[in-house]
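Scroll down for the structure; my scribbles are underneath it.
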Amino acid sequence: MSSTNHLRLALSCRKITAHVTNPSTSSIVAMASSSEQEFVAQYRAKLNRFPRSHSFWDAKIASRVGEKLGFRLREIGVTAVQIDLREELSRPTHHRVKLSSLFESVRRAGVAVAGAEKLWVAAAQVRITSD
């Protein structure tokens, strides 16, 4: 696998999906999502809670999705991915803070995430100003 695979995220209030694509063929080489069987119990618990939440995933779920993606990437021999920094910085601040745990989990699984260090700095600045 090439080290220039691209990590893309699809976010909604209900789920988070992360997939890595090969830029030369545009094919997905690995994918993880919060809609997988492992997360169904947590999703149902948040769905049936009153008052209802507008977001069904948090930093903990994002971290677990990142961990699963990292392990899948290691299984197929991918050691580095690249994120679209402009796209990630254009996301709302509350999503960027949660997503920093996803990128950190991918990195802890042994896959380098190019561009994520700038997001960690931005997330840290948000945490400092919100405290």
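Simple scheme: letters A, B, ... for chains in structure tokens order, numbers from 1 for residues in each chain, numbers from 1 for ligands in the order shown.
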Hey, what does DSSP flag as strand (DSSP E) within chain A? Can you give it to me as a PDB file with all heavy atoms, in the first residue's frame?
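This is the output file result.pdb:
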```
ATOM      1  N   ASN A   5      -2.337   7.252   1.207  1.00  0.00           N
ATOM      2  CA  ASN A   5      -3.773   7.003   1.316  1.00  0.00           C
ATOM      3  C   ASN A   5      -4.432   8.165   2.043  1.00  0.00           C
ATOM      4  O   ASN A   5      -3.830   8.792   2.906  1.00  0.00           O
ATOM      5  CB  ASN A   5      -4.023   5.702   2.079  1.00  0.00           C
ATOM      6  CG  ASN A   5      -3.604   4.503   1.268  1.00  0.00           C
ATOM      7  OD1 ASN A   5      -4.041   4.327   0.150  1.00  0.00           O
ATOM      8  ND2 ASN A   5      -2.744   3.685   1.831  1.00  0.00           N
ATOM      9  N   HIS A   6      -5.671   8.446   1.698  1.00  0.00           N
ATOM     10  CA  HIS A   6      -6.385   9.583   2.266  1.00  0.00           C
ATOM     11  C   HIS A   6      -7.445   9.112   3.242  1.00  0.00           C
ATOM     12  O   HIS A   6      -8.240   8.223   2.928  1.00  0.00           O
ATOM     13  CB  HIS A   6      -7.037  10.412   1.158  1.00  0.00           C
ATOM     14  CG  HIS A   6      -6.050  11.052   0.244  1.00  0.00           C
ATOM     15  ND1 HIS A   6      -5.331  12.157   0.602  1.00  0.00           N
ATOM     16  CD2 HIS A   6      -5.657  10.722  -1.010  1.00  0.00           C
ATOM     17  CE1 HIS A   6      -4.526  12.495  -0.404  1.00  0.00           C
ATOM     18  NE2 HIS A   6      -4.695  11.628  -1.376  1.00  0.00           N
ATOM     19  N   LEU A   7      -7.467   9.733   4.425  1.00  0.00           N
ATOM     20  CA  LEU A   7      -8.471   9.451   5.438  1.00  0.00           C
ATOM     21  C   LEU A   7      -9.588  10.476   5.283  1.00  0.00           C
ATOM     22  O   LEU A   7      -9.354  11.674   5.331  1.00  0.00           O
ATOM     23  CB  LEU A   7      -7.869   9.538   6.834  1.00  0.00           C
ATOM     24  CG  LEU A   7      -8.812   9.419   8.026  1.00  0.00           C
ATOM     25  CD1 LEU A   7      -9.556   8.091   8.003  1.00  0.00           C
ATOM     26  CD2 LEU A   7      -8.046   9.563   9.319  1.00  0.00           C
ATOM     27  N   ARG A   8     -10.796   9.982   5.070  1.00  0.00           N
ATOM     28  CA  ARG A   8     -11.948  10.874   4.922  1.00  0.00           C
ATOM     29  C   ARG A   8     -12.988  10.511   5.967  1.00  0.00           C
ATOM     30  O   ARG A   8     -13.172   9.341   6.295  1.00  0.00           O
ATOM     31  CB  ARG A   8     -12.544  10.737   3.525  1.00  0.00           C
ATOM     32  CG  ARG A   8     -11.618  11.259   2.457  1.00  0.00           C
ATOM     33  CD  ARG A   8     -12.406  11.752   1.258  1.00  0.00           C
ATOM     34  NE  ARG A   8     -11.627  12.620   0.416  1.00  0.00           N
ATOM     35  CZ  ARG A   8     -10.680  12.232  -0.412  1.00  0.00           C
ATOM     36  NH1 ARG A   8     -10.362  10.972  -0.477  1.00  0.00           N
ATOM     37  NH2 ARG A   8     -10.056  13.106  -1.164  1.00  0.00           N
ATOM     38  N   LEU A   9     -13.683  11.528   6.446  1.00  0.00           N
ATOM     39  CA  LEU A   9     -14.695  11.323   7.472  1.00  0.00           C
ATOM     40  C   LEU A   9     -16.040  11.805   6.976  1.00  0.00           C
ATOM     41  O   LEU A   9     -16.128  12.844   6.322  1.00  0.00           O
ATOM     42  CB  LEU A   9     -14.329  12.100   8.737  1.00  0.00           C
ATOM     43  CG  LEU A   9     -12.989  11.740   9.360  1.00  0.00           C
ATOM     44  CD1 LEU A   9     -12.649  12.729  10.451  1.00  0.00           C
ATOM     45  CD2 LEU A   9     -13.031  10.335   9.904  1.00  0.00           C
ATOM     46  N   ALA A  10     -17.059  11.045   7.286  1.00  0.00           N
ATOM     47  CA  ALA A  10     -18.437  11.460   7.014  1.00  0.00           C
ATOM     48  C   ALA A  10     -19.127  11.573   8.367  1.00  0.00           C
ATOM     49  O   ALA A  10     -19.207  10.599   9.110  1.00  0.00           O
ATOM     50  CB  ALA A  10     -19.137  10.445   6.129  1.00  0.00           C
ATOM     51  N   LEU A  11     -19.593  12.772   8.677  1.00  0.00           N
ATOM     52  CA  LEU A  11     -20.186  13.021   9.985  1.00  0.00           C
ATOM     53  C   LEU A  11     -21.635  13.425   9.845  1.00  0.00           C
ATOM     54  O   LEU A  11     -22.008  14.138   8.925  1.00  0.00           O
ATOM     55  CB  LEU A  11     -19.457  14.161  10.697  1.00  0.00           C
ATOM     56  CG  LEU A  11     -17.966  14.036  10.890  1.00  0.00           C
ATOM     57  CD1 LEU A  11     -17.435  15.291  11.544  1.00  0.00           C
ATOM     58  CD2 LEU A  11     -17.655  12.832  11.729  1.00  0.00           C
ATOM     59  N   ILE A  16     -20.727   8.515  12.827  1.00  0.00           N
ATOM     60  CA  ILE A  16     -19.445   8.927  12.282  1.00  0.00           C
ATOM     61  C   ILE A  16     -18.903   7.755  11.471  1.00  0.00           C
ATOM     62  O   ILE A  16     -18.942   6.606  11.922  1.00  0.00           O
ATOM     63  CB  ILE A  16     -18.472   9.341  13.398  1.00  0.00           C
ATOM     64  CG1 ILE A  16     -17.118   9.707  12.823  1.00  0.00           C
ATOM     65  CG2 ILE A  16     -18.348   8.282  14.456  1.00  0.00           C
ATOM     66  CD1 ILE A  16     -16.174  10.298  13.837  1.00  0.00           C
ATOM     67  N   THR A  17     -18.456   8.045  10.272  1.00  0.00           N
ATOM     68  CA  THR A  17     -17.886   7.024   9.402  1.00  0.00           C
ATOM     69  C   THR A  17     -16.521   7.505   8.929  1.00  0.00           C
ATOM     70  O   THR A  17     -16.392   8.628   8.453  1.00  0.00           O
ATOM     71  CB  THR A  17     -18.784   6.768   8.180  1.00  0.00           C
ATOM     72  OG1 THR A  17     -20.077   6.376   8.631  1.00  0.00           O
ATOM     73  CG2 THR A  17     -18.214   5.689   7.291  1.00  0.00           C
ATOM     74  N   ALA A  18     -15.521   6.668   9.085  1.00  0.00           N
ATOM     75  CA  ALA A  18     -14.167   6.996   8.639  1.00  0.00           C
ATOM     76  C   ALA A  18     -13.755   5.956   7.608  1.00  0.00           C
ATOM     77  O   ALA A  18     -13.912   4.759   7.833  1.00  0.00           O
ATOM     78  CB  ALA A  18     -13.205   6.979   9.818  1.00  0.00           C
ATOM     79  N   HIS A  19     -13.264   6.423   6.476  1.00  0.00           N
ATOM     80  CA  HIS A  19     -12.755   5.475   5.482  1.00  0.00           C
ATOM     81  C   HIS A  19     -11.469   6.009   4.866  1.00  0.00           C
ATOM     82  O   HIS A  19     -11.265   7.210   4.760  1.00  0.00           O
ATOM     83  CB  HIS A  19     -13.795   5.138   4.414  1.00  0.00           C
ATOM     84  CG  HIS A  19     -14.242   6.301   3.587  1.00  0.00           C
ATOM     85  ND1 HIS A  19     -15.247   7.145   3.974  1.00  0.00           N
ATOM     86  CD2 HIS A  19     -13.814   6.763   2.390  1.00  0.00           C
ATOM     87  CE1 HIS A  19     -15.426   8.073   3.050  1.00  0.00           C
ATOM     88  NE2 HIS A  19     -14.563   7.865   2.086  1.00  0.00           N
ATOM     89  N   VAL A  20     -10.621   5.080   4.489  1.00  0.00           N
ATOM     90  CA  VAL A  20      -9.338   5.398   3.877  1.00  0.00           C
ATOM     91  C   VAL A  20      -9.404   4.967   2.423  1.00  0.00           C
ATOM     92  O   VAL A  20      -9.781   3.835   2.125  1.00  0.00           O
ATOM     93  CB  VAL A  20      -8.181   4.686   4.613  1.00  0.00           C
ATOM     94  CG1 VAL A  20      -6.860   4.942   3.920  1.00  0.00           C
ATOM     95  CG2 VAL A  20      -8.124   5.146   6.060  1.00  0.00           C
ATOM     96  N   THR A  21      -9.065   5.897   1.530  1.00  0.00           N
ATOM     97  CA  THR A  21      -9.118   5.601   0.103  1.00  0.00           C
ATOM     98  C   THR A  21      -7.730   5.664  -0.512  1.00  0.00           C
ATOM     99  O   THR A  21      -6.871   6.418  -0.064  1.00  0.00           O
ATOM    100  CB  THR A  21     -10.023   6.601  -0.644  1.00  0.00           C
ATOM    101  OG1 THR A  21      -9.541   7.920  -0.430  1.00  0.00           O
ATOM    102  CG2 THR A  21     -11.455   6.503  -0.167  1.00  0.00           C
ATOM    103  N   ASN A  22      -7.562   4.875  -1.544  1.00  0.00           N
ATOM    104  CA  ASN A  22      -6.358   4.920  -2.355  1.00  0.00           C
ATOM    105  C   ASN A  22      -6.593   5.997  -3.410  1.00  0.00           C
ATOM    106  O   ASN A  22      -7.525   5.870  -4.207  1.00  0.00           O
ATOM    107  CB  ASN A  22      -6.121   3.562  -3.002  1.00  0.00           C
ATOM    108  CG  ASN A  22      -4.848   3.515  -3.796  1.00  0.00           C
ATOM    109  OD1 ASN A  22      -4.339   4.515  -4.257  1.00  0.00           O
ATOM    110  ND2 ASN A  22      -4.339   2.304  -3.955  1.00  0.00           N
ATOM    111  N   SER A  27     -10.588   3.796  -4.549  1.00  0.00           N
ATOM    112  CA  SER A  27     -11.262   2.688  -3.876  1.00  0.00           C
ATOM    113  C   SER A  27     -11.010   2.761  -2.374  1.00  0.00           C
ATOM    114  O   SER A  27      -9.968   3.226  -1.922  1.00  0.00           O
ATOM    115  CB  SER A  27     -10.759   1.353  -4.425  1.00  0.00           C
ATOM    116  OG  SER A  27      -9.381   1.216  -4.176  1.00  0.00           O
ATOM    117  N   ILE A  28     -11.976   2.308  -1.612  1.00  0.00           N
ATOM    118  CA  ILE A  28     -11.859   2.289  -0.159  1.00  0.00           C
ATOM    119  C   ILE A  28     -11.030   1.077   0.246  1.00  0.00           C
ATOM    120  O   ILE A  28     -11.329  -0.045  -0.152  1.00  0.00           O
ATOM    121  CB  ILE A  28     -13.248   2.235   0.496  1.00  0.00           C
ATOM    122  CG1 ILE A  28     -14.027   3.508   0.172  1.00  0.00           C
ATOM    123  CG2 ILE A  28     -13.124   2.044   2.000  1.00  0.00           C
ATOM    124  CD1 ILE A  28     -15.463   3.516   0.665  1.00  0.00           C
ATOM    125  N   VAL A  29      -9.975   1.314   1.036  1.00  0.00           N
ATOM    126  CA  VAL A  29      -9.124   0.208   1.470  1.00  0.00           C
ATOM    127  C   VAL A  29      -9.447  -0.232   2.893  1.00  0.00           C
ATOM    128  O   VAL A  29      -9.177  -1.369   3.266  1.00  0.00           O
ATOM    129  CB  VAL A  29      -7.621   0.555   1.342  1.00  0.00           C
ATOM    130  CG1 VAL A  29      -7.240   0.736  -0.112  1.00  0.00           C
ATOM    131  CG2 VAL A  29      -7.259   1.781   2.142  1.00  0.00           C
ATOM    132  N   ALA A  30     -10.021   0.664   3.702  1.00  0.00           N
ATOM    133  CA  ALA A  30     -10.434   0.300   5.069  1.00  0.00           C
ATOM    134  C   ALA A  30     -11.518   1.274   5.515  1.00  0.00           C
ATOM    135  O   ALA A  30     -11.540   2.424   5.088  1.00  0.00           O
ATOM    136  CB  ALA A  30      -9.255   0.351   6.026  1.00  0.00           C
ATOM    137  N   MET A  31     -12.394   0.789   6.407  1.00  0.00           N
ATOM    138  CA  MET A  31     -13.517   1.604   6.849  1.00  0.00           C
ATOM    139  C   MET A  31     -13.937   1.183   8.252  1.00  0.00           C
ATOM    140  O   MET A  31     -13.841   0.018   8.619  1.00  0.00           O
ATOM    141  CB  MET A  31     -14.671   1.418   5.872  1.00  0.00           C
ATOM    142  CG  MET A  31     -15.872   2.231   6.135  1.00  0.00           C
ATOM    143  SD  MET A  31     -17.023   1.969   4.763  1.00  0.00           S
ATOM    144  CE  MET A  31     -18.423   2.819   5.403  1.00  0.00           C
ATOM    145  N   ALA A  32     -14.394   2.165   9.028  1.00  0.00           N
ATOM    146  CA  ALA A  32     -14.971   1.901  10.352  1.00  0.00           C
ATOM    147  C   ALA A  32     -16.079   2.918  10.567  1.00  0.00           C
ATOM    148  O   ALA A  32     -15.997   4.051  10.097  1.00  0.00           O
ATOM    149  CB  ALA A  32     -13.915   2.011  11.440  1.00  0.00           C
ATOM    150  N   SER A  33     -17.118   2.510  11.293  1.00  0.00           N
ATOM    151  CA  SER A  33     -18.271   3.375  11.482  1.00  0.00           C
ATOM    152  C   SER A  33     -18.902   3.146  12.841  1.00  0.00           C
ATOM    153  O   SER A  33     -18.829   2.054  13.396  1.00  0.00           O
ATOM    154  CB  SER A  33     -19.305   3.102  10.388  1.00  0.00           C
ATOM    155  OG  SER A  33     -20.483   3.832  10.622  1.00  0.00           O
ATOM    156  N   ALA A  80       0.640   4.808   7.065  1.00  0.00           N
ATOM    157  CA  ALA A  80       0.440   6.262   7.127  1.00  0.00           C
ATOM    158  C   ALA A  80      -0.752   6.657   6.267  1.00  0.00           C
ATOM    159  O   ALA A  80      -1.006   6.060   5.220  1.00  0.00           O
ATOM    160  CB  ALA A  80       1.686   6.992   6.636  1.00  0.00           C
ATOM    161  N   VAL A  81      -1.497   7.632   6.756  1.00  0.00           N
ATOM    162  CA  VAL A  81      -2.614   8.211   6.005  1.00  0.00           C
ATOM    163  C   VAL A  81      -2.490   9.728   6.079  1.00  0.00           C
ATOM    164  O   VAL A  81      -1.781  10.264   6.921  1.00  0.00           O
ATOM    165  CB  VAL A  81      -3.993   7.760   6.551  1.00  0.00           C
ATOM    166  CG1 VAL A  81      -4.207   6.284   6.354  1.00  0.00           C
ATOM    167  CG2 VAL A  81      -4.173   8.144   7.998  1.00  0.00           C
ATOM    168  N   GLN A  82      -3.207  10.383   5.197  1.00  0.00           N
ATOM    169  CA  GLN A  82      -3.178  11.842   5.141  1.00  0.00           C
ATOM    170  C   GLN A  82      -4.607  12.361   5.215  1.00  0.00           C
ATOM    171  O   GLN A  82      -5.507  11.797   4.594  1.00  0.00           O
ATOM    172  CB  GLN A  82      -2.529  12.287   3.829  1.00  0.00           C
ATOM    173  CG  GLN A  82      -2.449  13.769   3.643  1.00  0.00           C
ATOM    174  CD  GLN A  82      -1.767  14.111   2.329  1.00  0.00           C
ATOM    175  OE1 GLN A  82      -1.196  13.250   1.678  1.00  0.00           O
ATOM    176  NE2 GLN A  82      -1.835  15.357   1.960  1.00  0.00           N
ATOM    177  N   ILE A  83      -4.813  13.435   5.975  1.00  0.00           N
ATOM    178  CA  ILE A  83      -6.132  14.036   6.053  1.00  0.00           C
ATOM    179  C   ILE A  83      -6.147  15.319   5.239  1.00  0.00           C
ATOM    180  O   ILE A  83      -5.103  15.926   4.983  1.00  0.00           O
ATOM    181  CB  ILE A  83      -6.558  14.320   7.502  1.00  0.00           C
ATOM    182  CG1 ILE A  83      -5.615  15.311   8.168  1.00  0.00           C
ATOM    183  CG2 ILE A  83      -6.667  13.046   8.295  1.00  0.00           C
ATOM    184  CD1 ILE A  83      -6.111  15.819   9.494  1.00  0.00           C
ATOM    185  N   ALA A 112       0.514   6.470  11.131  1.00  0.00           N
ATOM    186  CA  ALA A 112       0.783   7.908  11.175  1.00  0.00           C
ATOM    187  C   ALA A 112      -0.336   8.657  10.452  1.00  0.00           C
ATOM    188  O   ALA A 112      -0.807   8.222   9.400  1.00  0.00           O
ATOM    189  CB  ALA A 112       2.118   8.215  10.509  1.00  0.00           C
ATOM    190  N   VAL A 113      -0.767   9.788  11.028  1.00  0.00           N
ATOM    191  CA  VAL A 113      -1.834  10.601  10.445  1.00  0.00           C
ATOM    192  C   VAL A 113      -1.246  11.965  10.112  1.00  0.00           C
ATOM    193  O   VAL A 113      -1.089  12.824  10.990  1.00  0.00           O
ATOM    194  CB  VAL A 113      -3.035  10.748  11.408  1.00  0.00           C
ATOM    195  CG1 VAL A 113      -4.144  11.546  10.755  1.00  0.00           C
ATOM    196  CG2 VAL A 113      -3.540   9.385  11.843  1.00  0.00           C
ATOM    197  N   ALA A 114      -0.889  12.166   8.844  1.00  0.00           N
ATOM    198  CA  ALA A 114      -0.292  13.427   8.418  1.00  0.00           C
ATOM    199  C   ALA A 114      -1.341  14.528   8.426  1.00  0.00           C
ATOM    200  O   ALA A 114      -2.429  14.372   7.897  1.00  0.00           O
ATOM    201  CB  ALA A 114       0.291  13.282   7.013  1.00  0.00           C
TER     202      ALA A 114
END
```
Among the residues A:Pro23, A:Lys15, A:Arg91, A:Arg108, the one that comes closest to Tyr43 (chain A) [using only C-alpha atoms]: A:Lys15
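Distance annotation: of A:Lys68, A:Lys60, A:His95, A:Arg14, the residue with the minimal separation from Ala109 (chain A) is A:Lys68; atom set is only C-alpha atoms.
For the atom pair formed by CA of Phe71 (chain A) and CA of Arg107 (chain A), the distance is 10.2 Å, given to one decimal.
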DSSP-assigned helix (DSSP H, G or I) among chain A, expressed as a PyMOL selection string: chain A and resi 37-47+59-75+85-89+93-108+116-130
